[in-house]
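Here's the structure we're looking at; comments come further down.
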Amino acid sequence: MPRRLLVTSALPYANGPIHIGHLVEYIQTDIWVRFQKLRGHECRYMCADDTHGTAIMIRARQEGRSEEELIAEMQAAHERDFAAFDIEFDNYGSTHSEENRRLCGEFWAAIRKAGLVKEESVEQLYDSQAGTFLADRFVRGTCPKCKSRDQPGDNCSVCGHHYAPIELIDPISTLSGAKPEIRSAPHLFIELEKLHGFLAEWTQADEHLQPEIANYLQGHFLGEPLRDWDISRPAPYFGFEIPDSPGNYWYVWFDAPIGYVASTQQWCDRHGEKLERWWKSPDCEIHHFIGKDITYFHTLFWPGMLKTAGYSLPAKVHIHGFLTVNGEKMSKSKGTFVKSRTYLDRLDPSYLRYFYATKLSSRVDDLDLAIDEFVAKVNTDLVNKVVNLASRTAKFVEKTGLSAKYPDDGGLFAAAAAAGDEIAEAFESCDYSRATRLILALADRANPFVEENKPWELRKDPASAGRLQDVCTIALNLFRQLAIYLAPVLPKLARQTGELLNDPITSWDQAKKPLVGTPVAKFSHMLQRVEEKDLHAMIEESKPEIGSATPAAANVGATSPAAATPQADAASAAAAAPLADAADKWNDPGAPLAAEPLASQCTIDDFAKVDLRVARIVSAEEVPEARKLLKLKLSLGGGVYKQVFAGIKAYYEPQQLVGRLVVCVANLAPRTMKFGVSEGMVVAAGSGNEAFLLTPDEGAKPGHRLH
RNA sequence: GGUCCGGUAGCUCAGCGGUUAGAGCAGGGGACUCAUAAUCCCUUGGUCGCAGGUUCGAAUCCUGCCCGGACUACCA
């Protein structure tokens, strides 16, 4: 029984190009859509560019052109990239469309009618020079808590404190450099709390969400009253003006998800379909694929909007994690922030589609692209195993075509056909890593068959011509099964296989019945091996121009030789420890070392990360409620101070510490403790039940670094 | 600090109450030469993070701890 499925990916923002991180989602979704279509379901894939908001407005202004011109250019680039990666939307729209404007009005009217809208005045920073209110990202200033300068508009990078932009001391607009003023303006809010009961139920019911997400929402948001959602922005703003609130615009996150519906509307108009059949029919399943960063919008606001406006709720919101490269966050300076263009210049899109497939599961975990793993997977799995099957047999049957009757293969084809259900289940549940594993296991059975039947020997004897044709018919049918199962992941390989065997791949069930009697086309390579050097070149190309990073690197180099010596000494001393040394008349016992053996070796670079400084304790006080902590104020000289909570209450009296020099870890990430922020650490020797602070020799000054 | 996820072979992972813990890759040995230096056969390698508990039986369930990651921040 065919299902009706409407599938979406999150709308990419029109402010930047598509990169390999975005592609995790579009590839994941496209595989799922292609799988559903291959299974014979009525499935449509909708997406659009997300075009509204301050960022677009500002950028258009900076580039001296209209927003419309900017978003048209970005959209063309996005669509080109998606097409190059074989991501096939049924409709790709824009949130800046008449369909979307009309639907936003419809949703809005319903929300108004349900009594969910209220108006409140909001104070925001206003840049009178640029003539606009400032979103968080366009403001910098001094942190109201720790007083660090030049911090972003939402939270402090030094102490981690969160605040509103208007709390910043000496705020500066990053648009004009002007000092913004505080202005208040009326904003419209949706009172989401009125939908609390519905959302609490919906998020927990019927596996609409992955269990970890449902659980997270319950604990994180639904455990307390839902906050009102500020969905309007005063002019100037690039978006849709709210019909019953002139001068105010819908916030981009209001109109963006409605863009899913608007995109479907465009598709419907083109195909003579009714929107209701997709968005208001209980027979249609709506599936959203999104990244974990926008969970909040898609699992609370959006279902609330749909429910209120009388639209279908999602059958499932599939949430994925982020891409990391070589185990780290994508980084522009490391060149791992690879744009799809840069990738396409050097590599085959099939590689990335396959690699992501082998890494994706139904969970929200981040996904890592490790360069050597990428190369190994693509070459061994796809080229050496899968494509190799065709590559080593097709040319033997170029002249004869496939046998007219499928020969006895000892049950290989039937076994692979039977595996189809399990593979399909894995695709259905978005567990593509499992699907690809199951498929590759089939390839591992097909190659030995070729090995045992030696077509290269059969071809030498004209009397074996029939057997040769049979062996190759079997091998190519086993190959074709793999191509069918991999078709959602590798549409190009499926097309090539269809051409090779003169029978297009259009349905999952084709894997159940052997193909016989068709001509076989001349074989040409289906997929090139991937070269590791191309990946490295791609990463090099993604790095920004050489800039300010150089002095830092030189600095590290300069400290290395000096610091290398003590390390070498420590290592040799440790190695010599078991031997008696005549010069050592102290015979210190081995207990302390034995109690805490040496840590694993570290490099000089590792050591250089830790900035140890001489510091003076200028004040020390008890923290009455704390069992172990003393609150210390350390001076690094020149008026630089650090507040540190040290776990030495049991061993030192505060007054005996004041004035003395100690060694502190000066670049330790600040940590908010129960009694305040600790901005460093004082080093001390000792096991768990004793502590001895270190004091430098005479002459050391606060601020001296330890090398 | 809290919440969630994870820790199984050198690497990526499967197994998630029932023979002696598996696969692929990498490593070692051999075979083959049709194939994109591909393939095939054999093989080395593991106190399943640690410690308790439940059970006839635990990698698997429970508790505590340690480590890694994600999210979040006076807070579920």
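Starting from 1 in every chain, residues are counted up; chains themselves are A, B, ... following the order of the structure tokens, and ligands are numbered from 1 as listed.
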Point to revise | chain A contacts on chain B, only C-alpha atoms (C1' of nucleotides), 9 Å, as a ChimeraX atom specification | key: /B:1,3-5,11-12,14,23-25,32-36,38-40,69-70,72,74-76
Practice item. For B:U54, please output as an NGL selection string all residues within 12 Å (counting only C-alpha atoms (C1' of nucleotides); exclusion window: fewer than 4 positions along the same chain). Key: :B and (17 or 58 or 61-63)
Exercise for review: Write out as a PyMOL selection string which residues come within 10 Å of A:Gly177 when counting only C-alpha atoms (C1' of nucleotides), dropping same-chain ones fewer than 4 positions away.
Suggested key: chain A and resi 127+129-130+138-140+171-173
Generate the output file for the selected residues, N, CA, C and O atoms, as a PDB file, in the first residue's frame.
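Result went into selection-v6.pdb, see below:
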ATOM      1  N   ASP A 127      20.637  51.848  16.289  1.00  0.00           N
ATOM      2  CA  ASP A 127      21.761  52.560  15.680  1.00  0.00           C
ATOM      3  C   ASP A 127      21.169  53.655  14.792  1.00  0.00           C
ATOM      4  O   ASP A 127      20.653  53.382  13.714  1.00  0.00           O
ATOM      5  N   GLN A 129      22.625  55.998  13.254  1.00  0.00           N
ATOM      6  CA  GLN A 129      23.422  56.279  12.055  1.00  0.00           C
ATOM      7  C   GLN A 129      23.051  55.308  10.933  1.00  0.00           C
ATOM      8  O   GLN A 129      22.874  55.693   9.793  1.00  0.00           O
ATOM      9  N   ALA A 130      22.929  54.008  11.300  1.00  0.00           N
ATOM     10  CA  ALA A 130      22.549  53.014  10.294  1.00  0.00           C
ATOM     11  C   ALA A 130      21.040  52.969  10.120  1.00  0.00           C
ATOM     12  O   ALA A 130      20.528  52.353   9.194  1.00  0.00           O
ATOM     13  N   PHE A 138      25.089  42.296  15.967  1.00  0.00           N
ATOM     14  CA  PHE A 138      25.639  43.546  15.451  1.00  0.00           C
ATOM     15  C   PHE A 138      26.063  44.504  16.559  1.00  0.00           C
ATOM     16  O   PHE A 138      26.244  45.692  16.330  1.00  0.00           O
ATOM     17  N   VAL A 139      26.197  43.963  17.763  1.00  0.00           N
ATOM     18  CA  VAL A 139      26.607  44.797  18.890  1.00  0.00           C
ATOM     19  C   VAL A 139      27.800  44.163  19.588  1.00  0.00           C
ATOM     20  O   VAL A 139      27.863  42.948  19.743  1.00  0.00           O
ATOM     21  N   ARG A 140      28.746  44.972  20.007  1.00  0.00           N
ATOM     22  CA  ARG A 140      29.816  44.504  20.891  1.00  0.00           C
ATOM     23  C   ARG A 140      29.976  45.529  22.003  1.00  0.00           C
ATOM     24  O   ARG A 140      29.600  46.677  21.852  1.00  0.00           O
ATOM     25  N   PRO A 171      28.258  49.947  24.641  1.00  0.00           N
ATOM     26  CA  PRO A 171      28.017  49.164  23.426  1.00  0.00           C
ATOM     27  C   PRO A 171      28.408  49.931  22.177  1.00  0.00           C
ATOM     28  O   PRO A 171      28.344  51.162  22.157  1.00  0.00           O
ATOM     29  N   ILE A 172      28.822  49.193  21.185  1.00  0.00           N
ATOM     30  CA  ILE A 172      29.197  49.781  19.897  1.00  0.00           C
ATOM     31  C   ILE A 172      28.474  49.005  18.805  1.00  0.00           C
ATOM     32  O   ILE A 172      28.432  47.782  18.839  1.00  0.00           O
ATOM     33  N   SER A 173      27.933  49.714  17.838  1.00  0.00           N
ATOM     34  CA  SER A 173      27.320  49.045  16.694  1.00  0.00           C
ATOM     35  C   SER A 173      28.416  48.600  15.748  1.00  0.00           C
ATOM     36  O   SER A 173      29.287  49.389  15.376  1.00  0.00           O
TER      37      SER A 173
END
**Study point:** Of the listed residues B:G29, B:G7, B:G46, B:G2, that which approaches B:C66 most closely, counting only C-alpha atoms (C1' of nucleotides)
**Key:**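 Selected residue with least distance to B:C66: B:G7.
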Practice item. Measuring atom to atom with only C-alpha atoms (C1' of nucleotides), identify which of B:C42, B:A9, B:C50, B:C67 is nearest to B:A26. Key: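 Result for the nearest residue to B:A26: B:A9.
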